[in-house]
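Source file: structure13.txt; contents: compact mmCIF, C-alpha atoms.
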```
# COMPACT_ATOMS: atom_id res chain seq x y z
CA MET C 28 0.48 -22.88 7.32
CA LYS C 29 -2.99 -22.83 8.86
CA LYS C 30 -5.70 -21.02 6.90
CA ILE C 31 -6.85 -17.75 8.43
CA ASP C 32 -10.37 -17.44 9.79
CA TYR C 33 -11.04 -13.78 9.16
CA ARG C 34 -14.09 -13.91 11.38
CA THR C 35 -11.70 -13.98 14.34
CA GLN C 36 -9.66 -11.03 13.08
CA THR C 37 -9.72 -7.30 13.68
CA THR C 38 -7.93 -5.62 10.79
CA LEU C 39 -6.53 -2.10 10.92
CA ILE C 40 -6.26 -0.43 7.50
CA THR C 41 -4.45 2.85 6.94
CA GLY C 42 -5.39 5.13 4.07
CA ALA C 43 -8.84 3.56 4.23
CA SER C 44 -10.90 6.49 2.99
CA ALA C 45 -10.55 5.74 -0.73
CA GLY C 46 -8.89 3.61 -3.41
CA LEU C 47 -7.07 0.47 -2.35
CA GLY C 48 -7.66 1.14 1.34
CA ALA C 49 -11.43 1.26 0.94
CA GLU C 50 -11.32 -1.86 -1.24
CA PHE C 51 -9.25 -3.71 1.36
CA ALA C 52 -11.91 -2.77 3.90
CA ARG C 53 -14.70 -4.12 1.69
CA GLN C 54 -12.98 -7.43 0.99
CA PHE C 55 -11.88 -8.00 4.58
CA ALA C 56 -15.39 -7.20 5.79
CA GLU C 57 -16.84 -9.62 3.24
CA ARG C 58 -14.65 -12.31 4.79
CA GLY C 59 -16.02 -11.46 8.22
CA SER C 60 -13.20 -9.42 9.74
CA ASN C 61 -13.93 -6.57 12.11
CA LEU C 62 -12.22 -3.36 10.99
CA VAL C 63 -10.39 -0.31 12.25
CA LEU C 64 -10.34 2.32 9.52
CA VAL C 65 -7.63 4.98 9.70
CA ALA C 66 -7.26 8.12 7.55
CA ARG C 67 -7.60 11.87 7.90
CA ARG C 68 -11.00 12.23 6.18
CA ALA C 69 -13.45 11.30 8.93
CA ASP C 70 -16.56 11.82 6.79
CA ARG C 71 -15.43 9.31 4.17
CA LEU C 72 -14.37 6.81 6.82
CA GLN C 73 -17.73 7.03 8.54
CA ALA C 74 -19.67 6.58 5.31
CA LEU C 75 -17.62 3.48 4.51
CA ALA C 76 -18.03 2.17 8.06
CA ASP C 77 -21.81 2.57 7.89
CA GLU C 78 -21.90 0.77 4.54
CA LEU C 79 -19.80 -2.20 5.65
CA SER C 80 -21.29 -2.71 9.10
CA ALA C 81 -24.79 -2.77 7.60
CA LYS C 82 -23.88 -5.05 4.69
CA TYR C 83 -21.65 -7.57 6.46
CA GLN C 84 -22.65 -7.25 10.15
CA VAL C 85 -19.08 -6.62 11.25
CA THR C 86 -17.83 -4.09 13.80
CA VAL C 87 -16.18 -1.13 12.09
CA THR C 88 -14.35 1.49 14.14
CA VAL C 89 -13.38 4.82 12.61
CA VAL C 90 -10.16 6.46 13.81
CA PRO C 91 -9.48 9.80 12.09
CA PHE C 92 -5.72 10.17 12.39
CA ASP C 93 -2.84 12.02 10.73
CA LEU C 94 -0.08 9.49 10.13
CA THR C 95 2.46 12.21 9.30
CA VAL C 96 2.82 13.22 12.96
CA PRO C 97 6.00 12.17 14.84
CA ALA C 98 5.80 8.73 16.50
CA ALA C 99 2.56 8.06 14.62
CA GLY C 100 2.61 4.34 15.36
CA GLU C 101 2.75 4.67 19.13
CA ALA C 102 0.12 7.40 19.14
CA LEU C 103 -2.20 5.35 16.93
CA ALA C 104 -1.68 2.23 19.05
CA ARG C 105 -2.56 4.19 22.20
CA GLU C 106 -5.74 5.52 20.61
CA VAL C 107 -6.81 2.06 19.46
CA ALA C 108 -6.05 0.56 22.89
CA ARG C 109 -8.00 3.37 24.56
CA ARG C 110 -11.04 2.18 22.64
CA GLY C 111 -10.54 -1.35 23.94
CA ILE C 112 -9.58 -2.83 20.57
CA THR C 113 -6.92 -5.46 19.90
CA VAL C 114 -5.68 -5.35 16.32
CA THR C 115 -4.74 -8.78 14.91
CA SER C 116 -4.17 -7.94 11.22
CA LEU C 117 -2.69 -4.83 9.62
CA VAL C 118 -2.74 -3.29 6.14
CA ASN C 119 -0.33 -0.40 5.66
CA ASN C 120 -1.81 1.29 2.62
CA ALA C 121 -1.40 5.02 3.36
CA GLY C 122 1.02 6.79 1.07
CA PHE C 123 1.33 9.12 -1.90
CA GLY C 124 3.65 9.88 -4.78
CA THR C 125 5.07 12.92 -6.53
CA HIS C 126 5.89 13.11 -10.22
CA SER C 127 8.36 15.62 -11.61
CA PRO C 128 12.13 15.93 -12.08
CA PHE C 129 13.73 15.72 -8.63
CA ARG C 130 15.42 19.12 -8.91
CA GLN C 131 11.96 20.67 -9.34
CA GLU C 132 10.38 18.86 -6.37
CA ASP C 133 9.16 20.88 -3.39
CA ALA C 134 11.45 20.00 -0.48
CA ALA C 135 8.68 19.95 2.13
CA ARG C 136 6.50 17.75 -0.06
CA VAL C 137 9.36 15.30 -0.56
CA GLN C 138 9.89 15.08 3.19
CA GLN C 139 6.18 14.37 3.69
CA GLU C 140 6.36 11.66 1.02
CA ILE C 141 9.30 9.92 2.66
CA GLY C 142 7.75 10.37 6.09
CA LEU C 143 4.42 8.79 5.19
CA ASN C 144 5.60 6.11 2.77
CA VAL C 145 8.57 4.95 4.86
CA ALA C 146 8.85 6.30 8.40
CA SER C 147 5.17 6.08 9.24
CA LEU C 148 4.80 2.61 7.73
CA VAL C 149 7.72 1.33 9.80
CA ASP C 150 6.43 3.07 12.92
CA VAL C 151 2.91 1.66 12.61
CA THR C 152 4.24 -1.82 11.85
CA ARG C 153 6.51 -1.72 14.90
CA ALA C 154 3.67 -0.56 17.13
CA PHE C 155 1.35 -3.45 16.21
CA ILE C 156 3.46 -6.38 15.00
CA GLY C 157 3.80 -7.95 18.44
CA GLN C 158 0.05 -8.58 18.61
CA LEU C 159 -0.62 -9.62 15.00
CA THR C 160 -1.86 -13.18 14.44
CA GLY C 161 -3.45 -12.89 10.99
CA VAL C 162 -1.86 -10.92 8.17
CA LEU C 163 0.47 -7.98 7.66
CA VAL C 164 0.17 -6.40 4.20
CA ASN C 165 2.42 -3.51 3.23
CA VAL C 166 1.52 -1.82 -0.05
CA ALA C 167 4.64 -1.30 -2.14
CA SER C 168 4.57 -0.70 -5.93
CA SER C 169 5.84 -2.15 -9.17
CA LEU C 170 8.03 0.98 -9.23
CA GLY C 171 9.86 -0.48 -6.25
CA TYR C 172 11.51 -2.93 -8.64
CA GLN C 173 13.12 -0.40 -10.96
CA PRO C 174 14.15 3.27 -10.93
CA TRP C 175 11.62 5.51 -12.65
CA PRO C 176 12.84 8.97 -13.66
CA ASN C 177 10.48 11.76 -12.58
CA ALA C 178 9.22 9.53 -9.77
CA ALA C 179 12.62 9.00 -8.16
CA VAL C 180 11.54 9.55 -4.57
CA TYR C 181 8.31 7.56 -4.81
CA GLY C 182 10.02 4.58 -6.44
CA ALA C 183 12.77 4.63 -3.81
CA THR C 184 10.27 4.68 -0.95
CA LYS C 185 8.49 1.67 -2.41
CA ALA C 186 11.78 -0.17 -2.91
CA PHE C 187 12.27 0.31 0.83
CA VAL C 188 8.81 -1.05 1.59
CA LEU C 189 9.46 -4.09 -0.59
CA SER C 190 12.81 -4.90 1.04
CA PHE C 191 11.56 -4.20 4.57
CA THR C 192 8.49 -6.38 4.17
CA GLU C 193 10.30 -9.31 2.60
CA ALA C 194 12.71 -9.28 5.55
CA LEU C 195 9.76 -9.32 7.98
CA TRP C 196 8.32 -12.27 6.05
CA GLN C 197 11.43 -14.26 6.92
CA GLU C 198 11.49 -13.04 10.53
CA SER C 199 7.84 -14.03 10.97
CA ARG C 200 8.12 -17.58 9.66
CA GLY C 201 6.85 -20.07 12.21
CA THR C 202 4.78 -17.49 14.09
CA GLY C 203 1.57 -18.00 12.09
CA LEU C 204 1.61 -14.39 10.87
CA ARG C 205 1.34 -14.07 7.08
CA VAL C 206 3.41 -11.17 5.76
CA LEU C 207 3.08 -9.83 2.22
CA ALA C 208 4.44 -6.94 0.18
CA LEU C 209 1.81 -6.07 -2.43
CA SER C 210 3.10 -4.27 -5.52
CA PRO C 211 0.37 -2.80 -7.71
CA GLY C 212 1.05 -1.12 -11.02
CA PRO C 213 -1.06 1.81 -12.26
CA THR C 214 -4.49 1.50 -10.64
CA ARG C 215 -7.73 3.47 -10.91
CA THR C 216 -7.45 5.42 -7.65
CA GLU C 217 -6.86 9.03 -6.54
CA PHE C 218 -3.10 8.42 -6.68
CA PHE C 219 -2.54 10.38 -9.89
CA ASP C 220 -4.48 13.37 -8.56
CA ALA C 221 -2.20 13.45 -5.52
CA ALA C 222 0.90 13.02 -7.69
CA GLY C 223 -0.19 15.96 -9.83
CA SER C 224 0.18 14.04 -13.10
CA ASP C 225 -1.32 11.11 -14.97
CA ASP C 226 1.74 10.76 -17.23
CA MET C 227 2.95 7.76 -15.21
CA ALA C 228 -0.05 5.71 -16.42
CA ARG C 229 -0.09 6.90 -20.02
CA GLY C 230 -0.21 3.99 -22.44
CA VAL C 231 -0.77 1.46 -19.64
CA ARG C 232 -3.96 -0.47 -18.92
CA LEU C 233 -5.07 0.43 -15.41
CA GLN C 234 -6.16 -2.22 -12.95
CA THR C 235 -9.12 -1.70 -10.64
CA PRO C 236 -8.72 -1.64 -6.85
CA GLY C 237 -10.79 -4.82 -6.76
CA GLN C 238 -8.32 -6.66 -8.98
CA VAL C 239 -5.34 -5.56 -6.90
CA VAL C 240 -6.84 -6.45 -3.52
CA THR C 241 -8.14 -9.77 -4.83
CA THR C 242 -4.57 -10.58 -5.90
CA ALA C 243 -3.33 -9.86 -2.39
CA LEU C 244 -5.95 -11.94 -0.60
CA ARG C 245 -5.66 -14.87 -2.99
CA THR C 246 -1.91 -14.85 -2.42
CA LEU C 247 -2.41 -14.84 1.34
CA ASP C 248 -4.81 -17.79 0.94
CA ARG C 249 -2.02 -20.01 -0.40
CA ARG C 250 -0.69 -22.80 1.77
CA ASN C 251 2.77 -21.21 1.71
CA PRO C 252 2.44 -17.56 0.62
CA PRO C 253 5.47 -15.82 -0.93
CA PRO C 254 6.97 -12.68 0.65
CA SER C 255 5.75 -10.44 -2.17
CA VAL C 256 3.45 -10.33 -5.15
CA VAL C 257 3.08 -8.03 -8.17
CA SER C 258 -0.51 -7.41 -9.23
CA GLY C 259 -1.24 -7.75 -12.95
CA THR C 260 0.47 -9.84 -15.62
CA PHE C 261 1.89 -6.85 -17.51
CA ASN C 262 3.32 -5.35 -14.30
CA TRP C 263 4.81 -8.71 -13.33
CA VAL C 264 6.47 -9.07 -16.73
CA MET C 265 7.93 -5.56 -16.46
CA THR C 266 9.43 -6.27 -13.05
CA LEU C 267 10.74 -9.62 -14.22
CA THR C 268 12.34 -8.14 -17.33
CA SER C 269 14.24 -5.59 -15.24
CA ARG C 270 16.02 -8.40 -13.40
CA PHE C 271 17.68 -9.63 -16.58
CA THR C 272 19.21 -6.37 -17.78
CA THR C 273 22.08 -4.25 -16.47
CA ARG C 274 21.30 -1.40 -14.10
CA ARG C 275 22.36 1.06 -16.80
CA ALA C 276 20.13 -0.48 -19.46
CA ASN C 277 17.25 -0.60 -17.02
CA VAL C 278 17.45 3.08 -16.14
CA LEU C 279 17.85 4.10 -19.78
CA ALA C 280 14.84 2.01 -20.82
CA PHE C 281 12.53 3.46 -18.22
CA GLY C 282 13.88 6.93 -18.93
CA ALA C 283 12.83 6.48 -22.56
CA VAL C 284 9.35 5.42 -21.47
CA THR C 285 9.11 8.50 -19.24
CA GLN C 286 10.09 10.80 -22.10
CA TRP C 287 7.52 9.19 -24.39
CA GLN C 288 4.80 9.61 -21.79
CA MET C 289 5.64 13.29 -21.33
CA ARG C 290 5.64 13.94 -25.10
CA ALA C 291 2.33 12.09 -25.48
CA SER C 292 0.72 14.22 -22.79
CA GLY C 293 1.11 17.31 -24.94
CA PRO C 294 2.11 20.92 -24.22
CA GLY C 295 2.32 22.05 -20.63
CA HIS C 296 3.86 18.84 -19.27
```
Could I get this structure in the form of structure tokens?
Amino acid sequence: MKKIDYRTQTTLITGASAGLGAEFARQFAERGSNLVLVARRADRLQALADELSAKYQVTVTVVPFDLTVPAAGEALAREVARRGITVTSLVNNAGFGTHSPFRQEDAARVQQEIGLNVASLVDVTRAFIGQLTGVLVNVASSLGYQPWPNAAVYGATKAFVLSFTEALWQESRGTGLRVLALSPGPTRTEFFDAAGSDDMARGVRLQTPGQVVTTALRTLDRRNPPPSVVSGTFNWVMTLTSRFTTRRANVLAFGAVTQWQMRASGPGH
């Protein structure tokens, strides 16, 4: 497969205002790609755009946009086209997780989680995939490989992203488009603030956004990239181990880890 010249690419990144999205923007800009940054927080997007355009002399377009609206992909594609931009690479990074027993979850919040992590990702991918010539990266999670009690909905949404993206990898073979499902483990981002708990990362060494994004881009640089990659050796071992146990044993094991994390967090959790 031909190596990508990022200097010829215009990359749209969702959830670009912080965390992995902002790091994707920095590393794509460093490689010479023009950018379209999408998120709700316009002030953060503009600050990042000013930083990257000055440092790397690339064109950075800010599109404040709420991806939870119905038919988000078509609406976003129309807005980008209205600005005269042709997107050639896409990073679907926007998403969030909740962390509590499912029976205690807020129903509206769960619907938003599924809508953003699954429906919006599919919608945006469908809206742009016909014009992509560079890369398509969908951010999944190591939790997509195994059920995780108290993060049941989040893990299930990421399992969808993993399966969906791997299927697109096969469908896109021979087109020149490089498709990758990126599965980070616990990472130093705002994720745990949004989830309302840091129990999920207790006892685990966190990766930095830089480490995770570097893993993704190095994987895409391979002559024949795989359909998915897990970032971090420990996370990879955990996902690999789950493939060699029964479903029952897997759930029980991760349930025990969840209980330990909750006890270790102390009263009030």
Practice prompt. Would you list the contacts of Ile112 of chain C as a count of residues only, taking every protein, DNA or RNA residue within 10 Å and counting all atoms listed in the file, but skipping same-chain residues closer than 2 positions in sequence?
Written response: 12
Worksheet item: For Gly182 of chain C, which residue out of C:Pro236, C:Pro252, C:Gly122, C:Gly100 is the nearest one, using all atoms listed in the file?
Response: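 Result for the nearest residue to Gly182 of chain C: C:Gly122.
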Worksheet, complete the sentence: Using all atoms listed in the file, the residue out of C:Asn251, C:Thr113, C:Thr41, C:Ser258 with shortest distance to Gly212 of chain C is C:Ser258
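The two atoms in question, atom CA of Val137 of chain C and atom CA of Ala66 of chain C, are spaced 19.8 Å apart.
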Worksheet item: Using only C-alpha atoms, which of C:Pro254, C:Pro128, C:Gly142, C:Gly201 sits nearest Leu189 of chain C?
Response: C:Pro254
Fill in: Proximity to Leu47 of chain C - best of C:Thr152, C:Asn120, C:Ser60, C:Gln197, all atoms listed in the file
C:Asn120
